>>> print(open('my_file.tsv').read())   # TSV, C-alpha atoms
chain	number	residue	atom	x	y	z
A	1	MET	CA	-16.39	-36.03	-34.37
A	2	GLU	CA	-14.08	-33.01	-34.63
A	3	ASN	CA	-14.34	-30.68	-37.64
A	4	TYR	CA	-11.07	-29.94	-39.41
A	5	THR	CA	-10.46	-26.69	-41.31
A	6	LEU	CA	-7.12	-26.31	-43.07
A	7	ASN	CA	-5.33	-22.99	-42.42
A	8	SER	CA	-8.51	-20.99	-41.83
A	9	PHE	CA	-7.90	-17.26	-41.38
A	10	THR	CA	-11.16	-16.83	-39.44
A	11	LEU	CA	-11.23	-18.31	-35.95
A	12	GLN	CA	-14.07	-18.74	-33.50
A	13	MET	CA	-13.59	-17.74	-29.87
A	14	GLU	CA	-15.18	-19.73	-27.08
A	15	GLY	CA	-15.16	-16.69	-24.81
A	16	LEU	CA	-16.60	-16.74	-21.32
A	17	LYS	CA	-19.57	-18.96	-20.60
A	18	VAL	CA	-22.11	-16.56	-19.12
A	19	THR	CA	-25.88	-16.87	-18.85
A	20	GLU	CA	-28.29	-14.24	-20.22
A	21	MET	CA	-29.09	-13.29	-16.62
A	22	SER	CA	-25.46	-12.56	-15.71
A	23	MET	CA	-24.25	-11.34	-19.12
A	24	HIS	CA	-24.76	-7.63	-18.45
A	25	HIS	CA	-23.40	-7.86	-14.90
A	26	VAL	CA	-20.18	-9.44	-16.19
A	27	PHE	CA	-19.96	-6.86	-18.99
A	28	PHE	CA	-20.28	-3.92	-16.59
A	29	PHE	CA	-17.78	-5.49	-14.19
A	30	PHE	CA	-15.17	-5.63	-16.97
A	31	LEU	CA	-16.11	-2.15	-18.20
A	32	PHE	CA	-15.73	-0.71	-14.69
A	33	SER	CA	-12.41	-2.57	-14.26
A	34	TYR	CA	-11.12	-1.25	-17.58
A	35	LEU	CA	-12.07	2.35	-16.72
A	36	VAL	CA	-10.38	2.05	-13.30
A	37	ILE	CA	-7.22	0.65	-14.92
A	38	MET	CA	-7.12	3.44	-17.52
A	39	ILE	CA	-7.82	6.28	-15.06
A	40	LEU	CA	-5.34	5.12	-12.41
A	41	ASN	CA	-2.49	4.12	-14.71
A	42	VAL	CA	-2.75	6.98	-17.20
A	43	GLY	CA	-3.24	9.35	-14.27
A	44	ILE	CA	-0.08	8.28	-12.44
A	45	VAL	CA	2.01	8.48	-15.63
A	46	VAL	CA	0.72	12.00	-16.33
A	47	LEU	CA	1.38	12.94	-12.69
A	48	ILE	CA	5.00	11.74	-12.92
A	49	ILE	CA	5.49	13.62	-16.20
A	50	ILE	CA	4.15	16.99	-14.99
A	51	ASP	CA	5.69	16.97	-11.49
A	52	ARG	CA	9.44	17.58	-11.72
A	53	SER	CA	10.04	16.31	-8.18
A	54	LEU	CA	9.02	12.86	-9.46
A	55	HIS	CA	11.63	12.88	-12.25
A	56	GLN	CA	13.71	10.35	-10.33
A	57	PRO	CA	15.00	6.97	-11.59
A	58	MET	CA	12.61	5.05	-9.31
A	59	TYR	CA	9.51	6.75	-10.72
A	60	LEU	CA	10.77	6.84	-14.30
A	61	LEU	CA	11.35	3.08	-14.18
A	62	PHE	CA	7.98	2.59	-12.51
A	63	CYS	CA	6.31	4.34	-15.49
A	64	ASN	CA	7.00	1.18	-17.48
A	65	LEU	CA	4.50	-0.75	-15.35
A	66	PRO	CA	1.41	1.45	-15.96
A	67	VAL	CA	2.29	1.77	-19.66
A	68	ASN	CA	2.52	-2.02	-19.86
A	69	ASP	CA	-0.77	-2.45	-17.97
A	70	VAL	CA	-2.62	0.02	-20.22
A	71	LEU	CA	-1.38	-1.63	-23.43
A	72	GLY	CA	-2.02	-5.18	-22.22
A	73	ASN	CA	-5.57	-4.52	-21.01
A	74	THR	CA	-6.52	-2.33	-23.98
A	75	LEU	CA	-5.77	-5.16	-26.40
A	76	MET	CA	-7.73	-7.70	-24.33
A	77	LEU	CA	-10.65	-6.25	-22.34
A	78	PRO	CA	-12.55	-4.31	-25.08
A	79	ARG	CA	-12.52	-7.39	-27.31
A	80	LEU	CA	-13.60	-9.59	-24.39
A	81	MET	CA	-16.47	-7.24	-23.52
A	82	SER	CA	-17.75	-7.21	-27.10
A	83	ASP	CA	-17.65	-11.04	-27.20
A	84	ILE	CA	-19.72	-11.26	-24.02
A	85	LEU	CA	-22.59	-9.41	-25.73
A	86	ARG	CA	-22.42	-11.64	-28.82
A	87	PRO	CA	-23.87	-15.13	-29.23
A	88	PRO	CA	-21.14	-17.84	-29.31
A	89	SER	CA	-21.55	-18.40	-33.06
A	90	GLU	CA	-20.67	-14.74	-33.78
A	91	ARG	CA	-17.49	-14.57	-31.67
A	92	LEU	CA	-15.16	-14.52	-34.65
A	93	ILE	CA	-11.60	-13.19	-34.88
A	94	SER	CA	-9.08	-13.11	-37.71
A	95	TYR	CA	-5.97	-15.26	-37.34
A	96	TYR	CA	-3.62	-12.26	-37.50
A	97	GLU	CA	-5.62	-10.34	-34.88
A	98	CYS	CA	-5.47	-13.43	-32.67
A	99	VAL	CA	-1.68	-13.65	-33.08
A	100	LEU	CA	-1.36	-9.94	-32.21
A	101	GLN	CA	-3.53	-10.39	-29.12
A	102	ALA	CA	-1.48	-13.43	-28.04
A	103	PHE	CA	1.77	-11.52	-28.57
A	104	CYS	CA	0.56	-8.55	-26.51
A	105	SER	CA	-0.79	-10.82	-23.76
A	106	HIS	CA	2.54	-12.66	-23.35
A	107	MET	CA	4.52	-9.45	-23.85
A	108	SER	CA	2.58	-7.80	-21.04
A	109	GLY	CA	3.15	-10.72	-18.66
A	110	THR	CA	6.85	-11.03	-19.49
A	111	ALA	CA	7.52	-7.29	-19.34
A	112	SER	CA	5.93	-7.19	-15.86
A	113	HIS	CA	8.71	-9.49	-14.65
A	114	THR	CA	11.57	-7.74	-16.46
A	115	VAL	CA	10.41	-4.26	-15.39
A	116	LEU	CA	10.19	-5.34	-11.74
A	117	MET	CA	13.69	-6.80	-12.07
A	118	ILE	CA	15.19	-3.47	-13.20
A	119	MET	CA	13.24	-1.71	-10.46
A	120	ALA	CA	14.82	-4.12	-7.96
A	121	PHE	CA	18.25	-3.14	-9.30
A	122	ASP	CA	17.40	0.53	-8.75
A	123	ARG	CA	16.42	-0.16	-5.11
A	124	TYR	CA	19.60	-2.20	-4.62
A	125	VAL	CA	21.81	0.69	-5.79
A	126	ALA	CA	19.83	3.27	-3.77
A	127	ILE	CA	20.13	1.40	-0.48
A	128	CYS	CA	23.38	-0.57	-0.81
A	129	ASN	CA	25.40	2.10	-2.62
A	130	PRO	CA	23.69	5.43	-1.82
A	131	LEU	CA	26.77	7.63	-2.28
A	132	ARG	CA	27.17	6.52	-5.90
A	133	TYR	CA	23.45	6.33	-6.68
A	134	SER	CA	23.29	9.54	-8.73
A	135	ALA	CA	26.47	8.57	-10.60
A	136	ILE	CA	25.16	5.09	-11.45
A	137	MET	CA	21.45	5.77	-12.04
A	138	THR	CA	21.86	8.45	-14.70
A	139	ASN	CA	19.25	9.16	-17.37
A	140	ARG	CA	21.33	7.07	-19.75
A	141	MET	CA	21.29	4.10	-17.34
A	142	VAL	CA	17.53	4.46	-16.86
A	143	MET	CA	17.12	4.36	-20.65
A	144	LYS	CA	19.39	1.31	-20.95
A	145	LEU	CA	17.47	-0.56	-18.25
A	146	THR	CA	14.13	0.31	-19.85
A	147	VAL	CA	15.23	-0.79	-23.32
A	148	SER	CA	16.73	-4.01	-21.94
A	149	ALA	CA	13.52	-4.85	-20.02
A	150	TRP	CA	11.31	-4.41	-23.09
A	151	GLY	CA	13.92	-5.85	-25.47
A	152	VAL	CA	14.35	-9.10	-23.54
A	153	ALA	CA	10.56	-9.51	-23.29
A	154	PHE	CA	10.17	-8.80	-27.03
A	155	VAL	CA	12.79	-11.39	-28.05
A	156	LEU	CA	11.49	-14.11	-25.71
A	157	VAL	CA	7.87	-13.66	-26.77
A	158	GLY	CA	8.81	-13.17	-30.43
A	159	VAL	CA	10.51	-16.58	-30.53
A	160	LEU	CA	7.59	-18.14	-28.62
A	161	LEU	CA	5.01	-16.91	-31.14
A	162	GLY	CA	7.37	-17.43	-34.09
A	163	LEU	CA	7.50	-21.16	-33.34
A	164	THR	CA	3.69	-21.22	-33.30
A	165	VAL	CA	2.89	-19.29	-36.48
A	166	ARG	CA	5.11	-21.65	-38.50
A	167	LEU	CA	2.62	-24.48	-37.82
A	168	SER	CA	-0.17	-25.28	-40.25
A	169	ARG	CA	-3.68	-25.19	-38.80
A	170	CYS	CA	-6.38	-27.83	-39.01
A	171	ARG	CA	-8.75	-26.35	-36.43
A	172	ALA	CA	-10.41	-22.95	-36.06
A	173	TYR	CA	-11.79	-22.94	-32.51
A	174	ILE	CA	-10.06	-21.05	-29.67
A	175	THR	CA	-10.97	-22.68	-26.35
A	176	ASN	CA	-10.13	-19.60	-24.32
A	177	PRO	CA	-11.66	-16.18	-23.55
A	178	TYR	CA	-8.75	-14.52	-25.38
A	179	CYS	CA	-5.90	-15.61	-27.65
A	180	ASP	CA	-2.64	-16.88	-26.21
A	181	ASN	CA	0.22	-19.06	-27.42
A	182	ALA	CA	-1.24	-22.34	-26.12
A	183	SER	CA	-4.60	-21.63	-27.78
A	184	LEU	CA	-2.86	-20.98	-31.11
A	185	PHE	CA	-0.61	-24.04	-31.27
A	186	LYS	CA	-3.56	-26.25	-30.24
A	187	LEU	CA	-5.09	-25.33	-33.62
A	188	SER	CA	-2.38	-27.39	-35.32
A	189	CYS	CA	-2.38	-31.12	-35.99
A	190	GLU	CA	1.42	-31.14	-36.33
A	191	SER	CA	3.85	-32.08	-33.58
A	192	VAL	CA	4.20	-29.28	-31.03
A	193	VAL	CA	7.07	-30.85	-29.07
A	194	ILE	CA	9.40	-27.95	-29.90
A	195	ASN	CA	6.74	-25.46	-28.79
A	196	ASN	CA	6.27	-27.27	-25.49
A	197	ILE	CA	10.02	-27.49	-24.85
A	198	TYR	CA	10.59	-23.80	-25.60
A	199	GLY	CA	7.48	-22.79	-23.65
A	200	LEU	CA	8.68	-24.72	-20.60
A	201	THR	CA	12.23	-23.32	-20.97
A	202	PHE	CA	10.81	-19.81	-21.42
A	203	THR	CA	8.76	-20.12	-18.20
A	204	VAL	CA	11.58	-21.65	-16.15
A	205	VAL	CA	14.17	-19.08	-17.30
A	206	LEU	CA	11.82	-16.13	-16.72
A	207	PHE	CA	10.66	-17.23	-13.28
A	208	THR	CA	14.16	-18.31	-12.19
A	209	ALA	CA	15.69	-15.00	-13.28
A	210	SER	CA	12.82	-13.01	-11.78
A	211	ILE	CA	12.63	-14.78	-8.42
A	212	GLY	CA	16.43	-15.16	-8.23
A	213	SER	CA	17.07	-11.45	-8.80
A	214	ILE	CA	14.43	-10.44	-6.24
A	215	VAL	CA	15.76	-12.88	-3.60
A	216	LEU	CA	19.39	-11.82	-4.13
A	217	THR	CA	18.52	-8.12	-4.14
A	218	TYR	CA	16.42	-8.23	-1.00
A	219	THR	CA	18.87	-10.50	0.81
A	220	ARG	CA	21.59	-7.91	0.18
A	221	ILE	CA	19.28	-5.04	1.20
A	222	THR	CA	18.29	-6.89	4.40
A	223	LEU	CA	21.96	-7.41	5.32
A	224	VAL	CA	22.66	-3.71	4.79
A	225	CYS	CA	19.70	-2.74	6.97
A	226	LEU	CA	20.75	-5.16	9.73
A	227	THR	CA	24.30	-3.82	9.82
A	228	SER	CA	23.31	-0.16	9.47
A	229	LYS	CA	22.61	1.87	12.59
A	230	ASN	CA	21.06	4.67	10.57
A	231	LYS	CA	17.31	4.58	11.30
A	232	SER	CA	16.45	6.90	8.40
A	233	VAL	CA	18.14	4.53	5.92
A	234	ASN	CA	16.27	1.56	7.36
A	235	THR	CA	12.94	3.42	7.27
A	236	LYS	CA	13.49	4.49	3.67
A	237	ALA	CA	14.46	0.94	2.69
A	238	LEU	CA	11.39	-0.51	4.39
A	239	LYS	CA	8.99	1.89	2.65
A	240	THR	CA	10.39	1.74	-0.88
A	241	CYS	CA	11.18	-1.98	-0.85
A	242	SER	CA	7.91	-3.07	0.73
A	243	THR	CA	6.01	-1.33	-2.07
A	244	HIS	CA	8.05	-3.04	-4.75
A	245	LEU	CA	7.84	-6.40	-2.99
A	246	VAL	CA	4.05	-6.25	-2.56
A	247	VAL	CA	3.58	-5.50	-6.28
A	248	TYR	CA	5.91	-8.37	-7.19
A	249	LEU	CA	4.20	-10.86	-4.86
A	250	ILE	CA	0.74	-9.99	-6.25
A	251	MET	CA	1.96	-10.59	-9.79
A	252	LEU	CA	3.78	-13.80	-8.81
A	253	PHE	CA	0.76	-15.19	-6.95
A	254	CYS	CA	-1.54	-14.54	-9.93
A	255	GLY	CA	0.92	-16.24	-12.29
A	256	MET	CA	1.35	-19.27	-10.02
A	257	LEU	CA	-2.44	-19.60	-9.70
A	258	ILE	CA	-2.84	-19.90	-13.48
A	259	VAL	CA	-0.07	-22.52	-13.68
A	260	ALA	CA	-1.68	-24.50	-10.83
A	261	LEU	CA	-5.19	-24.40	-12.36
A	262	HIS	CA	-3.81	-25.79	-15.65
A	263	ARG	CA	-3.21	-29.03	-13.71
A	264	PHE	CA	-6.93	-29.41	-12.94
A	265	PRO	CA	-9.03	-29.66	-16.14
A	266	GLN	CA	-12.24	-29.79	-14.08
A	267	TYR	CA	-11.62	-26.16	-13.09
A	268	SER	CA	-11.33	-24.88	-16.67
A	269	ASP	CA	-13.96	-22.17	-16.18
A	270	GLN	CA	-12.20	-20.91	-13.03
A	271	ARG	CA	-8.88	-20.95	-14.90
A	272	LYS	CA	-10.34	-18.84	-17.71
A	273	MET	CA	-11.68	-16.27	-15.26
A	274	SER	CA	-8.36	-16.27	-13.38
A	275	ALA	CA	-6.50	-15.71	-16.65
A	276	ILE	CA	-8.48	-12.49	-17.09
A	277	LEU	CA	-8.15	-11.39	-13.46
A	278	ILE	CA	-4.35	-11.81	-13.65
A	279	HIS	CA	-4.41	-8.77	-15.97
A	280	ILE	CA	-7.05	-6.79	-14.07
A	281	ILE	CA	-6.00	-7.15	-10.40
A	282	PRO	CA	-2.28	-6.18	-10.61
A	283	SER	CA	-3.06	-3.41	-13.11
A	284	SER	CA	-5.60	-1.90	-10.71
A	285	LEU	CA	-3.50	-2.27	-7.56
A	286	ASN	CA	-0.05	-1.16	-8.82
A	287	PRO	CA	-0.76	2.60	-9.05
A	288	ILE	CA	-2.70	2.54	-5.76
A	289	ILE	CA	0.12	0.79	-3.87
A	290	TYR	CA	2.79	3.16	-5.21
A	291	GLY	CA	0.55	6.20	-4.73
A	292	VAL	CA	-0.17	5.34	-1.08
A	293	GLN	CA	3.50	4.71	-0.22
A	294	SER	CA	5.08	7.63	-2.08
A	295	LYS	CA	5.38	10.86	-0.08
A	296	GLU	CA	6.12	12.80	-3.27
A	297	ILE	CA	2.91	11.61	-4.93
A	298	GLN	CA	0.88	12.26	-1.78
A	299	LYS	CA	2.34	15.75	-1.54
A	300	PHE	CA	1.49	16.55	-5.16
A	301	LEU	CA	-2.08	15.23	-4.84
A	302	SER	CA	-2.71	17.12	-1.59
A	303	LYS	CA	-1.42	20.31	-3.24
A	304	PHE	CA	-3.47	19.65	-6.38
A	305	PHE	CA	-6.76	18.96	-4.59
A	306	GLN	CA	-6.26	21.53	-1.82
A	307	PRO	CA	-9.00	24.18	-2.11
A	308	LYS	CA	-7.52	27.46	-3.25
A	309	LYS	CA	-8.09	30.51	-1.13
A	310	ILE	CA	-10.22	33.20	-2.68
A	311	PHE	CA	-9.22	36.71	-1.69
A	312	SER	CA	-12.02	39.22	-1.69
A	313	LEU	CA	-11.30	42.72	-2.85
A	314	SER	CA	-12.34	45.30	-0.33
>>> encode(input="my_file.tsv", output="structure tokens")
Amino acid sequence: MENYTLNSFTLQMEGLKVTEMSMHHVFFFFLFSYLVIMILNVGIVVLIIIDRSLHQPMYLLFCNLPVNDVLGNTLMLPRLMSDILRPPSERLISYYECVLQAFCSHMSGTASHTVLMIMAFDRYVAICNPLRYSAIMTNRMVMKLTVSAWGVAFVLVGVLLGLTVRLSRCRAYITNPYCDNASLFKLSCESVVINNIYGLTFTVVLFTASIGSIVLTYTRITLVCLTSKNKSVNTKALKTCSTHLVVYLIMLFCGMLIVALHRFPQYSDQRKMSAILIHIIPSSLNPIIYGVQSKEIQKFLSKFFQPKKIFSLS
């Protein structure tokens, strides 16, 4: 028989189901992943800030991704690691902290799509309209694109969570390793039809806009490359666009995997682990992929780590 608690402000997290034997292994895996994410993403942002040759629209827009990855993982992984070391009965979280974690989780996922969409626009202008690139992609335009990417994500997620917090709660158990919108509205005994309709609309609109913009952009870029006889343009397009496309496909695959696993309740443990890895894997790979492909970043790193000559005084 299910226990009912009316509007409790203290919630219990299910967390990850780990045995005592594997508890410390899982903890150190997440700790190592978190340190890698922080070092790589903070490092590449600092690198772009201090190297003036990287003060280009492409890299300035890219900075949104590591910032998003750092914020999203910081509000999830430390809490998750602390819960792993606690017995299930002590995995408690306040309702407001849970709402904040859910907001940041959805904000991070949504912003990943919107940021990659504005980055696709930048690549479109650079390759399809190179003569007007500097006139179009000014600092003001970069700022507008950045604000619009975060603003759209904020509004969409704000409405999503706003519809959930209006519901009264009759349960206090989160059946997930971290808080998200679905976990929160499942605490209610009221009708959640509106939440389901908006959640489905939210997902369809986001994925349609994201996939649609990427397909249209890359179709146009492909046509330009096919009609252009300039090999340098085609090489540049291949390098910059392949990087962006790989990052997008990794994120899209991770998102689709979570949606697919929701259809199979028997794989709930795998879904929970996948829901965590969807934050870890793209966040770890994004700075590596861009760092490997970018000549400017490679040049800076080779100069930075190149051993300095020591001149002896005779």
>>> residues_around(input="my_file.tsv", residues="Gln12 (chain A)", least_positions_apart="6", cutoff="10 Å", atoms="only C-alpha atoms", output="PyMOL selection string")
chain A and resi 88-95+171-175
>>> axis_aligned_box(input="my_file.tsv", around="region 251-257 of chain A", padding_each_side="8 Å", output="lines of an AutoDock Vina configuration file")
center_x = 0.7
center_y = -15.1
center_z = -9.6
size_x = 22.2
size_y = 25.0
size_z = 21.3
>>> closest_residue(input="my_file.tsv", among="A:Ser274, A:Asn139, A:Asn129, A:Gln101", to="Ser183 (chain A)", atoms="only C-alpha atoms")
A:Gln101
>>> closest_residue(input="my_file.tsv", among="A:Asp269, A:Asp69, A:Asp122, A:Glu190", to="His244 (chain A)", atoms="all atoms listed in the file")
A:Asp122
>>> residues_near_point(input="my_file.tsv", point="(3.1, -17.3, -29.9)", cutoff="8 Å", atoms="all atoms listed in the file", output="MDAnalysis selection string")
chainID A and resid 99 102:103 157:165 180:182 184:185
>>> closest_residue(input="my_file.tsv", among="A:Met76, A:Cys241, A:Val18, A:Val36", to="Thr219 (chain A)", atoms="all atoms listed in the file")
A:Cys241
>>> closest_residue(input="my_file.tsv", among="A:Thr222, A:Ser283, A:Ser134, A:Thr227", to="Ser112 (chain A)", atoms="only C-alpha atoms")
A:Ser283
>>> closest_residue(input="my_file.tsv", among="A:Tyr133, A:Phe253, A:Tyr178, A:Trp150", to="Phe207 (chain A)", atoms="all atoms listed in the file")
A:Phe253
>>> residues_around(input="my_file.tsv", residues="His279 (chain A)", least_positions_apart="4", cutoff="9 Å", atoms="all atoms listed in the file", output="MDAnalysis selection string")
chainID A and resid 69 72:73 105 108:109 254 274:275 283:284
>>> closest_residue(input="my_file.tsv", among="A:Lys229, A:Ile194, A:Leu80, A:His113", to="Gly255 (chain A)", atoms="all atoms listed in the file")
A:His113
>>> residues_around(input="my_file.tsv", residues="Asn68 (chain A)", least_positions_apart="4", cutoff="12 Å", atoms="only C-alpha atoms", output="MDAnalysis selection string")
chainID A and resid 37:38 41:42 45 61:64 72:75 104:116 146 149:150 153 279 282:283 286
>>> residues_around(input="my_file.tsv", residues="Val125 (chain A)", least_positions_apart="3", cutoff="12 Å", atoms="all atoms listed in the file", output="list in words")
Pro57, Met58, Ile118, Met119, Ala120, Phe121, Asp122, Cys128, Asn129, Pro130, Leu131, Arg132, Tyr133, Ser134, Ala135, Ile136, Met137, Thr138, Thr217, Tyr218, Arg220, Ile221, Val224 and Ala237 of chain A
